[in-house]
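Okay, structure first, notes after.
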Amino acid sequence: PARRPHAPMSTADAASECFLVVGSNAREHAIARRLRASALCKTLACFASSNNPGIRKLCDAFTVGQITDPDAVAAFAKEHGVTTAVVGPEAPLEAGVVDALEAIGIGCVGPTRALAQLESSKAFTRDLLVSNAIGACPEYATVTSMEQAREFIKKVGQLNYVVKADGLCGGKGVKVGGEHLHSDDEALAFIHELLAAGGKDARVVLEQKLVGQEFSLMSFCDGETCAHMPPIQDHKRAHEGDTGPNTGGMGTYSGAGGTLPFLSADDLAHAQRITEAVSRALKRKCGAGYKGILYGGFMVTARGVFVIEYNARFGDPEAMNALALLETDFGLVARAIAQGTLEQVAVSFSDRASCCVYAVPEGYPAAGAKGAPIDTSRLTPELEECLYFAAVDQQENTLVTTGSRAIASCALAPTLQEAAVAAVQPLGALSGRLWHRSDIGTEAPVRKRIGHMMALRRAAPRAEGVKIGVIASGGATALQPVLEAIAAGDLNASVEVVVSNKPGALALSRAEQHGIPAACVPSKGVQDREAYDRQLSAALESRGVQLVLAVGWMRILSPWFCRRWARRALNVHPSLLPDFAGGMDLEVHRAVLAANKRVSGCSIHFVEDVVDGGEIVYQATVPVLPGDTPESLKARVQPQEGPSFVKAIRQLQRQNLILPSPSHAQLPAVKAGGDSSNNKPITYREAGVDIDAGDELVRRIKPACARTRRSGCVGSVGGFGGLFDPKAAGYSHEALLCAGTDGVGTKLMIAQAAGYHDGIGVDLVAMVVNDLVVQGAEPLFFLDYFATGKLSVDAAAAIVGSIARGCEESGCALIGGETAEMPGMYGPGHYDLAGFAVGAVEPHTLLPKLDQMGPGDCLIGVPSSGVHSNGYSLVRKLVTEVGGLTWGAPAPWESQVRSVSSSLLTPTKLYVKSCLPLAKAGLLKGMAHITGGGLIENIPRVLPDGLAADIDVTTWALPPVFKWLAKTGRLDARELGRTFNCGIGMVLIVAADKVHDVLARLNAAGEPSYHIGTLSARDKGAQGVKLSGTDAWGLTGTA
């Protein structure tokens, strides 16, 4: 918000306010603490629903009573001369407590009962947004009967909805399809339960489900002016990694600079405008201005910002973050809200990040322990200042739990990571039957949220839409619904050309009627299928077509065409494949009836050289009726084909599976003698290379590169070369330089398909620096090569940022690199990466020490983080072709819900900080980085000729992803062991008397590792690695 001048404070203003807080949780403790600290505070009173020792300690008057009794609250306020009241929870607002207080002349921070409908009635809020054209509202319906509920669910689709009780239900009246509700029947049962519990006037609000990231935006409001607080994100799930049951909120965070890492400035501004519009709409509807906290629950999606709900008070735990960040005197703000003078107050917030974490009792949220003592004796005054009491009581000078969230801790710091560390420190000083999430505000979950949002934005339809080409031999009836969907704005696409093999085909006329270019490539008399298909492909490629629709194409496409247009061509088949594949038209329907099928339909599938054998993208069904003939069945199936094409295209767009045209370089036709019709200069940018974008990228990545600086660095990024002084890094003149280079391979294709680039740079660094470490070399500096067809500054900054993160985690300086924008070389959204690193090693620590190795030496296995960056050509084939999975589908090998792409894009583990100190300490004889070739091919690379590695695979658990890959690909143990790392990313060769020391040091470095085998004598011609215990993997074959 714009800064406003402070309202002048007279001498009489100082310590003139008698404040009242209504409520008794951590939120109210935070409110009370800020009011007590106000220069305006003369006295502080609290009307609580339960004893809160933290609030009681701050107050001049404290009582426990029924906070939803307006008369009781008003009488207490009058008795203690209250001038301004701040109401914390929602229940007193709905009960009319503010109405009662205002009736006796007490100003309030909190809306009247009529205005509090914004929270107490979901239907009221949705209707307000729609009737005032505020928007930001998903499709919804307010239902009062089961028939209406069934109709809405049918309309939006299976589990694509949220069910909300219209009134307040203590957080138990909302369930989301696919998360809390696992079938439509379960949803209908829940709706029936809500309607029955609500009596004759019961209403349930059903909304179309949104997909994105939730955030909270709270705003001070005095009926005319809104002053917005920083956006905050809550963590509802009970356990680490956002798993477990929902809670009231386990913690919250806000980023430095008053934003959240996944939120754009436009997103935040949009949410602020929505809240301001809601404030105006409430005044129009209710005849009075809203005074209090407008708390918007929003979701940012690939389509923009939407309203989930509005609350009429501070959030909990959000209040702790916001009030800790508030730099303005909160007493001054509260009085201005109550008096309608907020415009005169300069409301400002700290630019620091904040993190709030709740400690909860054992058994929470199902049945939290009650009466469990909490020892606070180790708290220092500084740590105690971070704590806010919630569901606790004091019994004989001992703090005890009362069953729900017990104590919140909130801290501010320059960075979110620092704030997250500071927030849990006070909780660590508490003793008792308490636990808390330790990942609130930490890098892993925040990065996960950023990745999720990036993937959603990348998966959104491209601004220019997908370019479609149609091949048809007849009338192309199924094309019409596609054209209508495009015209209505329901499909972000354009039909670039319609091609037929028959000169008089109705499809060509249909194209001309819609102003679509049409072309005929006659096939009559043509015998060479590939030669014909090359002409057909040229007609499509000349128009930049990305996706081909075969609509009644009566020719079998050649293997050449299928390869050229792999996963770029869709066909429709008039049955539910794989049944009745290979048939055509009426013969298919005849076969369906002969097989006594009760259901038929159509299938949209990718075109492959096996007729009707490509991956199925979408299927629509119709019932087979008694007395059906092939003709009558066709009459019901055929109308489904066009809409099915539309739904299949949308699905591919949502999953970001639209590929570029197979022809990346489209050369325009040039008139003889050149084209002098346009004398404008043809710039480098018009040729496809944007120098300004490159400059902006350098500007964006410089801070990330700067964070990797270490001793030895000379100069900064952006020059013609990077400089490094090994002497300044502490190396002698005898030190050897060690260089390495590598890439990420086809793992990049998954990152590009998923639109998630934030970890791929770590893979690049790891693949290079891990190879240096195995030689005992410390990585000193790194250079990267990033090549793309069209430079996206955002994507490139994310990629280089992750490279910098990998370098930082490896103690390696990113001193330079090359960004190559090459239009025509790569398709839109495609890029390639390469990395180069130089390290140094003193001769006495150089590895491997082949002359020191012998039988009986031990092998230590250091775990991998997953598949790492090798074997992805096989992985992609097994996932998409054999397993039939899409990148956005849930990964079947994960115990928690996680997409295939998210799981497979887990970055390669960096072993510099865990393994290099062991080499420098002289504890290792050798190391093997387990990359392409797996355990079987990589370990022999560091062994002398006469030794073999005997590995017992029962010493560690084979990770589920490898079990799935082996089962899906029918791989035996040896093939698995020579392709993948099988859960071991680095193998250390250690003398037997050093094993205990090495394992202890690895464990201390956060790398619990395994003694997986020994070295033995090897006969000439024998295998370099022998795997035993492979039966434990449950695979066929031995190794």
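Numbering starts fresh at 1 for the residues of each chain in the structure tokens, the chains themselves are lettered A, B, ... in the order given, and ligands are numbered from 1 as they appear.
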Self-check item: Test item: residues at most 12 Å from Ser732 of chain A, only C-alpha atoms, excluding those fewer than 2 positions along its chain, as an MDAnalysis selection string
Solution: chainID A and resid 725:730 734:737 840:844
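Shell of Leu659 of chain A at 8 Å, with only C-alpha atoms counted and residues fewer than 6 places along the chain excluded, is Gln546, Leu547, Arg567 and Arg568 of chain A.
Each of A:Asp952, A:Gly199, A:Leu115, A:Leu434 was checked against Arg284 of chain A using only C-alpha atoms; the smallest atom-to-atom distance is that of A:Leu115.
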Exercise. Mind the document's chain letters and residue numbers, and return as a ChimeraX atom specification the residues of segment 864-944 of chain A that DSSP labels helix (DSSP H, G or I).
Key: /A:872-882,900-904,912-920,934-942
Self-check item: Using only C-alpha atoms: which of A:Leu342, A:Val768, A:Leu791, A:Ala804 has the shortest distance to Pro823 of chain A
Solution: A:Leu791
Quiz item: Near segment 959-972 of chain A, within 8 Å and counting only C-alpha atoms, which residues show up once chain neighbours fewer than 6 positions away are dropped, as a PyMOL selection string?
Solution: chain A and resi 866-867+875+878+882-883+892-894+980+982-983+1033+1035-1038
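Distance check against Cys18 of chain A using only C-alpha atoms: of A:Leu999, A:Ala45, A:Leu260, A:Ala95, the minimum falls on A:Ala45.
Using only C-alpha atoms for every distance, the candidate list A:Arg237, A:Lys155, A:Arg805, A:His228 yields A:His228 as the residue closest to Arg273 of chain A.
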Quiz item: Of the residues A:Ala820, A:Ile815, A:Ala419, A:Cys858, which is the one nearest to Phe836 of chain A, using only C-alpha atoms?
Solution: A:Ile815
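Between atom CA of Asn938 of chain A and atom CA of Gly1024 of chain A the interatomic distance comes to 9.5 Å.
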Quiz item: Could you pull the residues within 8 Å of Ala837 of chain A, counting only C-alpha atoms, minus those fewer than 2 positions along the same chain, as a PyMOL selection string?
Solution: chain A and resi 739-741+768-769+779-783+835+839
Practice problem: Return as a PyMOL selection string the full set of residues in segment 473-583 of chain A whose backbone-based DSSP assignment is strand (DSSP E). | Solution: chain A and resi 493-500+518-520+547-550+569-573
File dump, residues just selected, C-alpha atoms, as a short mmCIF file (atom, residue, chain, number, x, y, z; two decimals), in the first residue's frame:
data_model
loop_
_atom_site.label_atom_id
_atom_site.label_comp_id
_atom_site.auth_asym_id
_atom_site.auth_seq_id
_atom_site.Cartn_x
_atom_site.Cartn_y
_atom_site.Cartn_z
CA ALA A 493 -6.00 -23.85 -30.99
CA SER A 494 -6.10 -23.02 -34.67
CA VAL A 495 -6.60 -25.25 -37.69
CA GLU A 496 -3.79 -24.29 -40.06
CA VAL A 497 -4.61 -26.57 -42.99
CA VAL A 498 -6.92 -29.39 -44.10
CA VAL A 499 -5.30 -31.91 -46.46
CA SER A 500 -7.15 -34.61 -48.39
CA ALA A 518 -7.06 -26.51 -47.95
CA ALA A 519 -4.72 -28.71 -49.98
CA CYS A 520 -5.10 -31.87 -51.98
CA LEU A 547 -0.65 -31.75 -34.06
CA VAL A 548 -2.27 -33.79 -36.83
CA LEU A 549 -5.86 -35.03 -36.58
CA ALA A 550 -6.61 -38.03 -38.79
CA ALA A 569 -0.71 -37.28 -34.70
CA LEU A 570 -4.09 -38.38 -33.30
CA ASN A 571 -6.55 -40.82 -34.85
CA VAL A 572 -10.10 -41.71 -33.86
CA HIS A 573 -11.25 -45.33 -33.78
#
